[in-house]
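A short write-up of the structure that comes next.
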Amino acid sequence: MINNIKGRAIVLGDNVDTDQIIPAKYLNTSDPGKLAPHFMENEYPDLVSHIKKGDIIVAGKNFGSGSSREHAVITIKGLGISCIIAESFARIFFRNAINTGIPLIEAKINVSEFDEISVDFSNSTIMYNGKETHFKEYPEFLKNIINSNGLINYVRSGKW
Amino acid sequence: MSKTAAEKIFSEKSGTDSKSGDYVVANVDYVMANDITAPIAIDAFNELGMKAKSDKIIIIPDHFIPPKDINSAIQYKKSKDFAIENGTWFYDIGSGGVCHQVMMEKGFAAPGRLIAGADSHTNTYGALSAISTGIGSTEAGVIFATGKMWFKIPETIKINLRGKPKKGVEGKDIILNILSTIKNGGAAYKCMEFSGNINYIDINERMTMANMTTEAGAKCSFFDTDDKTIGYLNQRNTGDYKIVKSDENADFSRIIEVDMDDIEPSIAIPNSPDNVRIATAVHEKIDQAYIGSCTNGRIEDIRKAAAILKNKKINKNVRLMVVPASQDVYNQALKEGLINTIVESGGYFSGTTCGACLGGYMGVLGPGEVCISSTNRNFIGRMGDKSSKVYLANPSIVAASAVLGRIGTPEEL
Ligand code: SF4
């Protein structure tokens, strides 16, 4: 099962694309340690220094649009981000995150930088600033992949 | 039950009777990965410890190829070693090119096939009536091992093309105008199916259009099979394929009517491909003009550029980069004397690579520089420094702009 999550909000806008998440010049490596320091560096050069392990990205529409680079997900994993909440996700980013076991939540919440957020997956609820927002549960098929902690483990489990 | 082409192909490949919204595990005909995505896919494949489905796997290094630095060389070598060890299809420097162009030229893309590619512009093979879709690397590695992948069957947006394109209007202009209607993300998770007067649109232009459905967020694209499709396929070693078509009364999520007569040559201005203007309304000075990529780096594109550049000199403040989409395109351009024409005009003609299309190398933009490009993306920093700007247009406009020293159209020459 996915564990419940508590973390601080890192707030980003709409249409954050993979070129912003990790510029192409760093695609000559797939090492999380080498990629993570360059997260969003063109747009927000200081952002990385403010991110702590366990933080939650909160974004707008179409998060992760652009290229298929799994480096985007690896970068975010490398930073220790625990979960991404966005109004909507771009398709391949969504697949990459599910397949590598990063929880994604489709929801619109209004928070400020570093606000505390907690997510309860057992009842699909996000709690923040004394408020609650419910999100749609994953379909059964995707739950199986997420609960296996990613596609590789799911395939190994023989349920595939 | 009537079905869309996407529903039919996903049903057949998963051995189910499914419709849009259903999750299926489908047999993939081919899986493609490049030098950026293959290394991560290979790690995933190795974790599974299974035997490779070699006849389904195509490895095509293109992004930082020939290797631009040591790290790129390591990624290239890892991809190549995997291909050789496992006996997969492999297109090396000197025989390959940009992955999508190679997939079409070499006959992997054909009607009715389901193809997954670890690159977002895999949508391109819809031009040849295949369902082809971009995936991540981990899942590409899983297909290497199992030949299968999970998919959610997409809904289909039908784009009904009416009328006839005006002179000077290319596939690029048609898709830019459609993007300005649908918007970035407007076709997310969906199949964009083009029907109607597709007979006015050549296969190379269909490829440009299918390619840029990715910029609307689409999962895949689809053109019906017609004489032009068959003509293209007959020149290639495709093997068997099956022609599939949407039923007349299939359940489309949206139908968009497009009057091609109303479309003018167009330009996407920074920083989004859906930010479209009529070409004659944009006059910005440029530092670079770039013709290449899986969007518009085909022989037809280079012919158009050469026709404009013949007996002319490019503006002294501009560098023109022409980068063929594949080795085959390069060879053909050489044979037809197009390279001479371009070089004599003052342009730079290179071997095939993705190169500067993604800001990799060979034409990266410096701070504040402006480029007009035949590629597909103009996000912030896509081709270089975050303060550089990219305008997207068809190759004729790019070539004309190189001569003018600012964005302009062939009519102005
Ligand atoms: S040419 Fe550009 S868009 Fe096409 S695969 Fe290469 S980097 Fe991607």
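Order determines the names: the first chain of the structure tokens is A, the second B, and so forth; residues in each chain are numbered 1 upward, and ligands are numbered 1 upward as they are shown.
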Nearby residues, ligand 1, 9 Å, only C-alpha atoms and all ligand atoms, as a PyMOL selection string: (chain A and resi 67) or (chain B and resi 34+62-63+98-101+119-122+211+292-297+325+353-360+375-377)
Go ahead and write the residues just picked, C-alpha atoms, as an mmCIF file, in the first residue's frame.
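Writing done, so here's selection01.cif:
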```cif
data_model
loop_
_atom_site.group_PDB
_atom_site.id
_atom_site.type_symbol
_atom_site.label_atom_id
_atom_site.label_comp_id
_atom_site.auth_asym_id
_atom_site.auth_seq_id
_atom_site.Cartn_x
_atom_site.Cartn_y
_atom_site.Cartn_z
ATOM 1 C CA SER A 67 9.520 15.116 -23.835
ATOM 2 C CA ASN B 34 17.282 6.227 -28.535
ATOM 3 C CA ASP B 62 20.221 10.201 -32.399
ATOM 4 C CA HIS B 63 20.023 12.844 -29.670
ATOM 5 C CA VAL B 98 16.632 10.779 -36.093
ATOM 6 C CA CYS B 99 14.763 7.834 -34.595
ATOM 7 C CA HIS B 100 11.297 8.601 -35.986
ATOM 8 C CA GLN B 101 12.492 9.228 -39.516
ATOM 9 C CA ASP B 119 10.484 9.360 -27.227
ATOM 10 C CA SER B 120 7.564 11.765 -27.107
ATOM 11 C CA HIS B 121 7.317 12.263 -30.878
ATOM 12 C CA THR B 122 6.586 8.596 -31.527
ATOM 13 C CA ASN B 211 4.601 14.596 -35.190
ATOM 14 C CA GLY B 292 16.011 19.776 -39.555
ATOM 15 C CA SER B 293 14.455 17.317 -37.058
ATOM 16 C CA CYS B 294 11.791 14.638 -37.208
ATOM 17 C CA THR B 295 9.294 17.440 -37.847
ATOM 18 C CA ASN B 296 10.721 18.965 -41.032
ATOM 19 C CA GLY B 297 14.126 17.528 -41.899
ATOM 20 C CA ALA B 325 16.654 13.861 -40.517
ATOM 21 C CA THR B 353 21.505 14.321 -35.565
ATOM 22 C CA CYS B 354 18.849 15.671 -33.200
ATOM 23 C CA GLY B 355 21.529 18.109 -32.127
ATOM 24 C CA ALA B 356 20.242 21.609 -31.604
ATOM 25 C CA CYS B 357 16.547 20.695 -31.905
ATOM 26 C CA LEU B 358 16.655 19.954 -28.182
ATOM 27 C CA GLY B 359 19.460 22.375 -27.400
ATOM 28 C CA GLY B 360 21.915 19.504 -27.346
ATOM 29 C CA THR B 375 11.369 21.901 -35.439
ATOM 30 C CA ASN B 376 8.433 21.279 -33.113
ATOM 31 C CA ARG B 377 9.054 23.009 -29.781
#
```
Would you mind listing, as a PDB file with N, CA and C atoms, in the first residue's frame, all residues of chain A that have at least one atom within 9 Å of chain B, where only C-alpha atoms are what counts?
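Contents of part.pdb, freshly written:
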```pdb
ATOM      1  N   ASN A  15       1.612  24.225 -16.876  1.00  0.00           N
ATOM      2  CA  ASN A  15       2.466  23.853 -18.016  1.00  0.00           C
ATOM      3  C   ASN A  15       3.958  23.784 -17.687  1.00  0.00           C
ATOM      4  N   ASP A  17       7.057  22.163 -18.080  1.00  0.00           N
ATOM      5  CA  ASP A  17       7.417  21.118 -19.033  1.00  0.00           C
ATOM      6  C   ASP A  17       8.730  20.461 -18.643  1.00  0.00           C
ATOM      7  N   ASP A  19      11.474  20.220 -20.223  1.00  0.00           N
ATOM      8  CA  ASP A  19      12.670  21.028 -20.491  1.00  0.00           C
ATOM      9  C   ASP A  19      12.974  21.944 -19.307  1.00  0.00           C
ATOM     10  N   GLN A  20      11.918  22.363 -18.592  1.00  0.00           N
ATOM     11  CA  GLN A  20      12.132  23.177 -17.388  1.00  0.00           C
ATOM     12  C   GLN A  20      12.579  22.300 -16.229  1.00  0.00           C
ATOM     13  N   PRO A  23      16.787  20.585 -17.906  1.00  0.00           N
ATOM     14  CA  PRO A  23      17.192  21.010 -19.256  1.00  0.00           C
ATOM     15  C   PRO A  23      17.964  19.912 -19.997  1.00  0.00           C
ATOM     16  N   ALA A  24      17.790  19.908 -21.324  1.00  0.00           N
ATOM     17  CA  ALA A  24      18.326  18.826 -22.156  1.00  0.00           C
ATOM     18  C   ALA A  24      19.826  18.634 -22.003  1.00  0.00           C
ATOM     19  N   LYS A  25      20.536  19.715 -21.672  1.00  0.00           N
ATOM     20  CA  LYS A  25      21.994  19.553 -21.635  1.00  0.00           C
ATOM     21  C   LYS A  25      22.451  18.554 -20.577  1.00  0.00           C
ATOM     22  N   LEU A  27      20.951  15.634 -20.110  1.00  0.00           N
ATOM     23  CA  LEU A  27      20.425  14.300 -20.430  1.00  0.00           C
ATOM     24  C   LEU A  27      21.520  13.311 -20.776  1.00  0.00           C
ATOM     25  N   ASN A  28      22.771  13.752 -20.706  1.00  0.00           N
ATOM     26  CA  ASN A  28      23.849  12.804 -20.978  1.00  0.00           C
ATOM     27  C   ASN A  28      24.205  11.977 -19.741  1.00  0.00           C
ATOM     28  N   THR A  29      23.341  12.063 -18.720  1.00  0.00           N
ATOM     29  CA  THR A  29      23.498  11.159 -17.578  1.00  0.00           C
ATOM     30  C   THR A  29      22.112  10.809 -17.044  1.00  0.00           C
ATOM     31  N   SER A  30      21.999   9.688 -16.345  1.00  0.00           N
ATOM     32  CA  SER A  30      20.710   9.374 -15.718  1.00  0.00           C
ATOM     33  C   SER A  30      20.906   9.148 -14.218  1.00  0.00           C
ATOM     34  N   ASN A  42      16.606  26.860 -14.822  1.00  0.00           N
ATOM     35  CA  ASN A  42      16.440  28.026 -15.699  1.00  0.00           C
ATOM     36  C   ASN A  42      15.409  29.002 -15.153  1.00  0.00           C
ATOM     37  N   GLU A  43      14.331  28.470 -14.602  1.00  0.00           N
ATOM     38  CA  GLU A  43      13.247  29.335 -14.118  1.00  0.00           C
ATOM     39  C   GLU A  43      13.521  29.853 -12.713  1.00  0.00           C
ATOM     40  N   LYS A  61      -1.957  23.070 -14.219  1.00  0.00           N
ATOM     41  CA  LYS A  61      -2.354  22.167 -15.302  1.00  0.00           C
ATOM     42  C   LYS A  61      -1.166  21.633 -16.080  1.00  0.00           C
ATOM     43  N   ASN A  62      -1.321  20.430 -16.619  1.00  0.00           N
ATOM     44  CA  ASN A  62      -0.406  19.877 -17.624  1.00  0.00           C
ATOM     45  C   ASN A  62       1.027  19.757 -17.108  1.00  0.00           C
ATOM     46  N   SER A  65       4.673  18.261 -19.167  1.00  0.00           N
ATOM     47  CA  SER A  65       4.468  18.159 -20.615  1.00  0.00           C
ATOM     48  C   SER A  65       5.818  18.191 -21.333  1.00  0.00           C
ATOM     49  N   GLY A  66       5.805  17.872 -22.626  1.00  0.00           N
ATOM     50  CA  GLY A  66       7.042  17.908 -23.391  1.00  0.00           C
ATOM     51  C   GLY A  66       7.580  16.514 -23.640  1.00  0.00           C
ATOM     52  N   SER A  67       8.854  16.329 -23.361  1.00  0.00           N
ATOM     53  CA  SER A  67       9.520  15.116 -23.835  1.00  0.00           C
ATOM     54  C   SER A  67       9.227  13.907 -22.953  1.00  0.00           C
ATOM     55  N   SER A  68       9.663  12.743 -23.438  1.00  0.00           N
ATOM     56  CA  SER A  68       9.398  11.496 -22.709  1.00  0.00           C
ATOM     57  C   SER A  68      10.461  11.233 -21.654  1.00  0.00           C
ATOM     58  N   ARG A  69      11.408  12.156 -21.530  1.00  0.00           N
ATOM     59  CA  ARG A  69      12.576  11.886 -20.688  1.00  0.00           C
ATOM     60  C   ARG A  69      12.178  11.470 -19.266  1.00  0.00           C
ATOM     61  N   GLU A  70      12.557  10.251 -18.911  1.00  0.00           N
ATOM     62  CA  GLU A  70      12.317   9.768 -17.562  1.00  0.00           C
ATOM     63  C   GLU A  70      13.220  10.518 -16.589  1.00  0.00           C
ATOM     64  N   HIS A  71      14.212  11.213 -17.154  1.00  0.00           N
ATOM     65  CA  HIS A  71      15.105  12.040 -16.338  1.00  0.00           C
ATOM     66  C   HIS A  71      14.309  13.035 -15.501  1.00  0.00           C
ATOM     67  N   PHE A  89      -1.859  16.173 -15.318  1.00  0.00           N
ATOM     68  CA  PHE A  89      -0.502  15.749 -15.671  1.00  0.00           C
ATOM     69  C   PHE A  89      -0.424  15.452 -17.159  1.00  0.00           C
ATOM     70  N   ALA A  90       0.744  15.701 -17.744  1.00  0.00           N
ATOM     71  CA  ALA A  90       0.964  15.284 -19.125  1.00  0.00           C
ATOM     72  C   ALA A  90       1.138  13.765 -19.133  1.00  0.00           C
ATOM     73  N   ARG A  91       0.775  13.190 -20.264  1.00  0.00           N
ATOM     74  CA  ARG A  91       0.596  11.751 -20.367  1.00  0.00           C
ATOM     75  C   ARG A  91       1.833  10.916 -20.025  1.00  0.00           C
ATOM     76  N   ILE A  92       2.956  11.206 -20.685  1.00  0.00           N
ATOM     77  CA  ILE A  92       4.111  10.329 -20.484  1.00  0.00           C
ATOM     78  C   ILE A  92       4.690  10.538 -19.086  1.00  0.00           C
ATOM     79  N   PHE A  93       4.657  11.783 -18.618  1.00  0.00           N
ATOM     80  CA  PHE A  93       5.115  12.039 -17.251  1.00  0.00           C
ATOM     81  C   PHE A  93       4.296  11.204 -16.275  1.00  0.00           C
ATOM     82  N   ARG A  95       2.734   8.390 -16.818  1.00  0.00           N
ATOM     83  CA  ARG A  95       3.134   6.980 -16.926  1.00  0.00           C
ATOM     84  C   ARG A  95       4.469   6.739 -16.219  1.00  0.00           C
ATOM     85  N   ASN A  96       5.425   7.614 -16.472  1.00  0.00           N
ATOM     86  CA  ASN A  96       6.753   7.438 -15.876  1.00  0.00           C
ATOM     87  C   ASN A  96       6.681   7.439 -14.355  1.00  0.00           C
ATOM     88  N   ASN A  99       4.955   4.241 -13.155  1.00  0.00           N
ATOM     89  CA  ASN A  99       5.803   3.077 -13.412  1.00  0.00           C
ATOM     90  C   ASN A  99       7.043   3.044 -12.524  1.00  0.00           C
ATOM     91  N   THR A 100       7.442   4.213 -12.011  1.00  0.00           N
ATOM     92  CA  THR A 100       8.616   4.204 -11.133  1.00  0.00           C
ATOM     93  C   THR A 100       8.218   4.444  -9.674  1.00  0.00           C
ATOM     94  N   PRO A 139      -7.690   4.062 -10.807  1.00  0.00           N
ATOM     95  CA  PRO A 139      -8.386   2.842 -11.230  1.00  0.00           C
ATOM     96  C   PRO A 139      -7.625   1.609 -10.713  1.00  0.00           C
ATOM     97  N   PHE A 141      -6.421  -1.010 -11.969  1.00  0.00           N
ATOM     98  CA  PHE A 141      -5.240  -1.458 -12.713  1.00  0.00           C
ATOM     99  C   PHE A 141      -3.990  -0.699 -12.258  1.00  0.00           C
ATOM    100  N   LEU A 142      -4.132   0.609 -12.145  1.00  0.00           N
ATOM    101  CA  LEU A 142      -2.963   1.421 -11.756  1.00  0.00           C
ATOM    102  C   LEU A 142      -2.615   1.218 -10.286  1.00  0.00           C
ATOM    103  N   LEU A 151       6.397  -0.571 -11.852  1.00  0.00           N
ATOM    104  CA  LEU A 151       6.096  -1.563 -12.888  1.00  0.00           C
ATOM    105  C   LEU A 151       7.019  -2.785 -12.832  1.00  0.00           C
ATOM    106  N   ILE A 152       8.296  -2.541 -12.556  1.00  0.00           N
ATOM    107  CA  ILE A 152       9.248  -3.670 -12.556  1.00  0.00           C
ATOM    108  C   ILE A 152       8.819  -4.730 -11.523  1.00  0.00           C
ATOM    109  N   ASN A 153       8.512  -4.271 -10.314  1.00  0.00           N
ATOM    110  CA  ASN A 153       8.087  -5.219  -9.278  1.00  0.00           C
ATOM    111  C   ASN A 153       6.772  -5.886  -9.654  1.00  0.00           C
ATOM    112  N   VAL A 155       5.672  -6.536 -12.687  1.00  0.00           N
ATOM    113  CA  VAL A 155       5.936  -7.563 -13.703  1.00  0.00           C
ATOM    114  C   VAL A 155       6.577  -8.785 -13.045  1.00  0.00           C
ATOM    115  N   ARG A 156       7.510  -8.537 -12.134  1.00  0.00           N
ATOM    116  CA  ARG A 156       8.174  -9.636 -11.429  1.00  0.00           C
ATOM    117  C   ARG A 156       7.207 -10.479 -10.622  1.00  0.00           C
ATOM    118  N   TRP A 160       1.236  -9.894 -14.153  1.00  0.00           N
ATOM    119  CA  TRP A 160       1.193  -9.202 -15.456  1.00  0.00           C
ATOM    120  C   TRP A 160       0.594 -10.092 -16.527  1.00  0.00           C
TER     121      TRP A 160
END
```
Residue set, stretch 132-369 of chain B restricted to alpha helix (DSSP H), as a ChimeraX atom specification: /B:137-146,171-182,203-211,227-234,293-296,299-309,327-335,338-344
Selection to disk with C-alpha atoms, as a PDB file, in the first residue's frame:
```pdb
ATOM      1  CA  SER B 137      12.196   4.281 -20.384  1.00  0.00           C
ATOM      2  CA  THR B 138      11.285   1.886 -17.578  1.00  0.00           C
ATOM      3  CA  GLU B 139       8.297   0.685 -19.536  1.00  0.00           C
ATOM      4  CA  ALA B 140      10.389   0.410 -22.723  1.00  0.00           C
ATOM      5  CA  GLY B 141      12.664  -1.908 -20.712  1.00  0.00           C
ATOM      6  CA  VAL B 142       9.631  -3.961 -19.707  1.00  0.00           C
ATOM      7  CA  ILE B 143       8.618  -4.291 -23.371  1.00  0.00           C
ATOM      8  CA  PHE B 144      12.176  -5.354 -24.244  1.00  0.00           C
ATOM      9  CA  ALA B 145      11.602  -8.270 -21.865  1.00  0.00           C
ATOM     10  CA  THR B 146       7.904  -9.085 -22.258  1.00  0.00           C
ATOM     11  CA  GLY B 171       1.543  20.464 -43.363  1.00  0.00           C
ATOM     12  CA  LYS B 172       3.401  22.542 -40.762  1.00  0.00           C
ATOM     13  CA  ASP B 173       0.988  25.456 -41.233  1.00  0.00           C
ATOM     14  CA  ILE B 174      -2.040  23.194 -40.993  1.00  0.00           C
ATOM     15  CA  ILE B 175      -0.916  21.588 -37.741  1.00  0.00           C
ATOM     16  CA  LEU B 176       0.142  24.931 -36.209  1.00  0.00           C
ATOM     17  CA  ASN B 177      -3.345  26.255 -36.876  1.00  0.00           C
ATOM     18  CA  ILE B 178      -4.917  23.159 -35.366  1.00  0.00           C
ATOM     19  CA  LEU B 179      -2.669  23.564 -32.304  1.00  0.00           C
ATOM     20  CA  SER B 180      -3.772  27.152 -31.897  1.00  0.00           C
ATOM     21  CA  THR B 181      -7.349  25.850 -31.684  1.00  0.00           C
ATOM     22  CA  ILE B 182      -6.771  22.769 -29.527  1.00  0.00           C
ATOM     23  CA  ILE B 203       3.043  11.744 -46.693  1.00  0.00           C
ATOM     24  CA  ASN B 204       6.003  13.868 -45.585  1.00  0.00           C
ATOM     25  CA  GLU B 205       3.599  16.616 -44.521  1.00  0.00           C
ATOM     26  CA  ARG B 206       1.329  14.126 -42.792  1.00  0.00           C
ATOM     27  CA  MET B 207       4.402  13.123 -40.805  1.00  0.00           C
ATOM     28  CA  THR B 208       4.924  16.747 -39.739  1.00  0.00           C
ATOM     29  CA  MET B 209       1.293  16.960 -38.647  1.00  0.00           C
ATOM     30  CA  ALA B 210       1.300  13.609 -36.835  1.00  0.00           C
ATOM     31  CA  ASN B 211       4.601  14.596 -35.190  1.00  0.00           C
ATOM     32  CA  ASP B 227      -3.020   5.681 -52.305  1.00  0.00           C
ATOM     33  CA  LYS B 228      -0.320   8.000 -50.999  1.00  0.00           C
ATOM     34  CA  THR B 229       0.205   5.785 -47.941  1.00  0.00           C
ATOM     35  CA  ILE B 230       0.424   2.663 -50.081  1.00  0.00           C
ATOM     36  CA  GLY B 231       2.792   4.432 -52.495  1.00  0.00           C
ATOM     37  CA  TYR B 232       5.130   5.260 -49.585  1.00  0.00           C
ATOM     38  CA  LEU B 233       4.943   1.768 -48.097  1.00  0.00           C
ATOM     39  CA  ASN B 234       5.544   0.038 -51.428  1.00  0.00           C
ATOM     40  CA  SER B 293      14.455  17.317 -37.058  1.00  0.00           C
ATOM     41  CA  CYS B 294      11.791  14.638 -37.208  1.00  0.00           C
ATOM     42  CA  THR B 295       9.294  17.440 -37.847  1.00  0.00           C
ATOM     43  CA  ASN B 296      10.721  18.965 -41.032  1.00  0.00           C
ATOM     44  CA  ILE B 299      14.196  15.442 -48.389  1.00  0.00           C
ATOM     45  CA  GLU B 300      11.070  17.364 -49.444  1.00  0.00           C
ATOM     46  CA  ASP B 301      11.907  20.015 -46.821  1.00  0.00           C
ATOM     47  CA  ILE B 302      15.514  20.308 -47.966  1.00  0.00           C
ATOM     48  CA  ARG B 303      14.352  20.569 -51.595  1.00  0.00           C
ATOM     49  CA  LYS B 304      12.063  23.448 -50.663  1.00  0.00           C
ATOM     50  CA  ALA B 305      14.876  25.215 -48.829  1.00  0.00           C
ATOM     51  CA  ALA B 306      17.311  24.692 -51.697  1.00  0.00           C
ATOM     52  CA  ALA B 307      14.786  26.015 -54.242  1.00  0.00           C
ATOM     53  CA  ILE B 308      14.567  29.250 -52.240  1.00  0.00           C
ATOM     54  CA  LEU B 309      18.320  29.536 -51.652  1.00  0.00           C
ATOM     55  CA  GLN B 327      21.440   9.337 -43.485  1.00  0.00           C
ATOM     56  CA  ASP B 328      19.088   8.387 -46.354  1.00  0.00           C
ATOM     57  CA  VAL B 329      17.920  11.997 -46.544  1.00  0.00           C
ATOM     58  CA  TYR B 330      21.555  13.130 -46.515  1.00  0.00           C
ATOM     59  CA  ASN B 331      22.483  10.744 -49.330  1.00  0.00           C
ATOM     60  CA  GLN B 332      19.541  11.853 -51.436  1.00  0.00           C
ATOM     61  CA  ALA B 333      20.346  15.544 -50.880  1.00  0.00           C
ATOM     62  CA  LEU B 334      23.911  14.830 -51.955  1.00  0.00           C
ATOM     63  CA  LYS B 335      22.728  13.067 -55.114  1.00  0.00           C
ATOM     64  CA  LEU B 338      20.987  20.219 -52.821  1.00  0.00           C
ATOM     65  CA  ILE B 339      23.934  20.309 -50.443  1.00  0.00           C
ATOM     66  CA  ASN B 340      25.906  22.346 -53.002  1.00  0.00           C
ATOM     67  CA  THR B 341      23.093  24.846 -53.355  1.00  0.00           C
ATOM     68  CA  ILE B 342      22.788  25.303 -49.606  1.00  0.00           C
ATOM     69  CA  VAL B 343      26.509  25.540 -48.974  1.00  0.00           C
ATOM     70  CA  GLU B 344      26.971  28.004 -51.846  1.00  0.00           C
TER      71      GLU B 344
END
```
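Nearest-residue note for B:Ala130: choosing from B:Ile243, B:Asn46, B:Ala38, B:Ser18, the minimum distance belongs to B:Ile243, counting only C-alpha atoms.
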Pairwise distance for atom CA of A:Glu116 and atom CA of A:Tyr128, rounded to one decimal in Å: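 We find that atom CA of A:Glu116 and atom CA of A:Tyr128 lie 6.2 Å from each other.
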Neighbour list for A:Ser82 as a list in words, cut-off 7 Å, only C-alpha atoms, skip fewer than 6 positions in-chain: Gly54, Asp55 and Ile56 of chain A
Residue nearest A:Gly7 - candidates A:Ser88, A:Ser49, A:Ser118, A:Ser112, atoms counted: only C-alpha atoms: A:Ser118
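Between atom CA of B:Pro61 and atom CA of B:Phe82 there is a distance of 12.1 Å.
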Interatomic distance, atom CA of B:Met103 to atom CA of B:Asn197 (Å, one decimal):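 Atom CA of B:Asn197 lies at a distance of 25.7 Å from atom CA of B:Met103.
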From B:Gly347, B:Pro324, B:Gly147, B:Gly126, residue lying nearest B:Cys220 [only C-alpha atoms]: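 Smallest distance to B:Cys220 is found for B:Gly126.
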Those of stretch 32-205 of chain B in DSSP strand (DSSP E or B), formatted as a PyMOL selection string: chain B and resi 32-33+57-59+89-90+97+114-118+131-134+148-152+156-162+191-196
Close residues, A:Lys77 itself excluded, 9 Å, only C-alpha atoms, min 4 positions apart in chain, as a PyMOL selection string: chain A and resi 32+36+72-73+81-82+102
Restricted to N, CA and C atoms, what would the selected residues look like written as a PDB file, in the first residue's frame?
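Final file, again06.pdb:
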```
ATOM      1  N   PRO A  32      20.623  10.084 -10.554  1.00  0.00           N
ATOM      2  CA  PRO A  32      19.758  11.011  -9.798  1.00  0.00           C
ATOM      3  C   PRO A  32      20.564  12.078  -9.060  1.00  0.00           C
ATOM      4  N   ALA A  36      19.498  15.920  -9.941  1.00  0.00           N
ATOM      5  CA  ALA A  36      18.674  16.654  -8.971  1.00  0.00           C
ATOM      6  C   ALA A  36      19.089  18.123  -8.771  1.00  0.00           C
ATOM      7  N   ALA A  72      13.147  13.465 -15.992  1.00  0.00           N
ATOM      8  CA  ALA A  72      12.328  14.409 -15.231  1.00  0.00           C
ATOM      9  C   ALA A  72      11.890  13.760 -13.923  1.00  0.00           C
ATOM     10  N   VAL A  73      11.420  12.529 -14.023  1.00  0.00           N
ATOM     11  CA  VAL A  73      10.985  11.815 -12.825  1.00  0.00           C
ATOM     12  C   VAL A  73      12.183  11.462 -11.942  1.00  0.00           C
ATOM     13  N   ILE A  81      11.425  14.264  -3.363  1.00  0.00           N
ATOM     14  CA  ILE A  81      10.019  14.704  -3.370  1.00  0.00           C
ATOM     15  C   ILE A  81       9.120  13.490  -3.099  1.00  0.00           C
ATOM     16  N   SER A  82       8.144  13.655  -2.199  1.00  0.00           N
ATOM     17  CA  SER A  82       7.375  12.482  -1.782  1.00  0.00           C
ATOM     18  C   SER A  82       6.128  12.271  -2.621  1.00  0.00           C
ATOM     19  N   ILE A 102       6.289   6.948  -8.076  1.00  0.00           N
ATOM     20  CA  ILE A 102       6.068   8.246  -7.394  1.00  0.00           C
ATOM     21  C   ILE A 102       4.564   8.511  -7.367  1.00  0.00           C
TER      22      ILE A 102
END
```
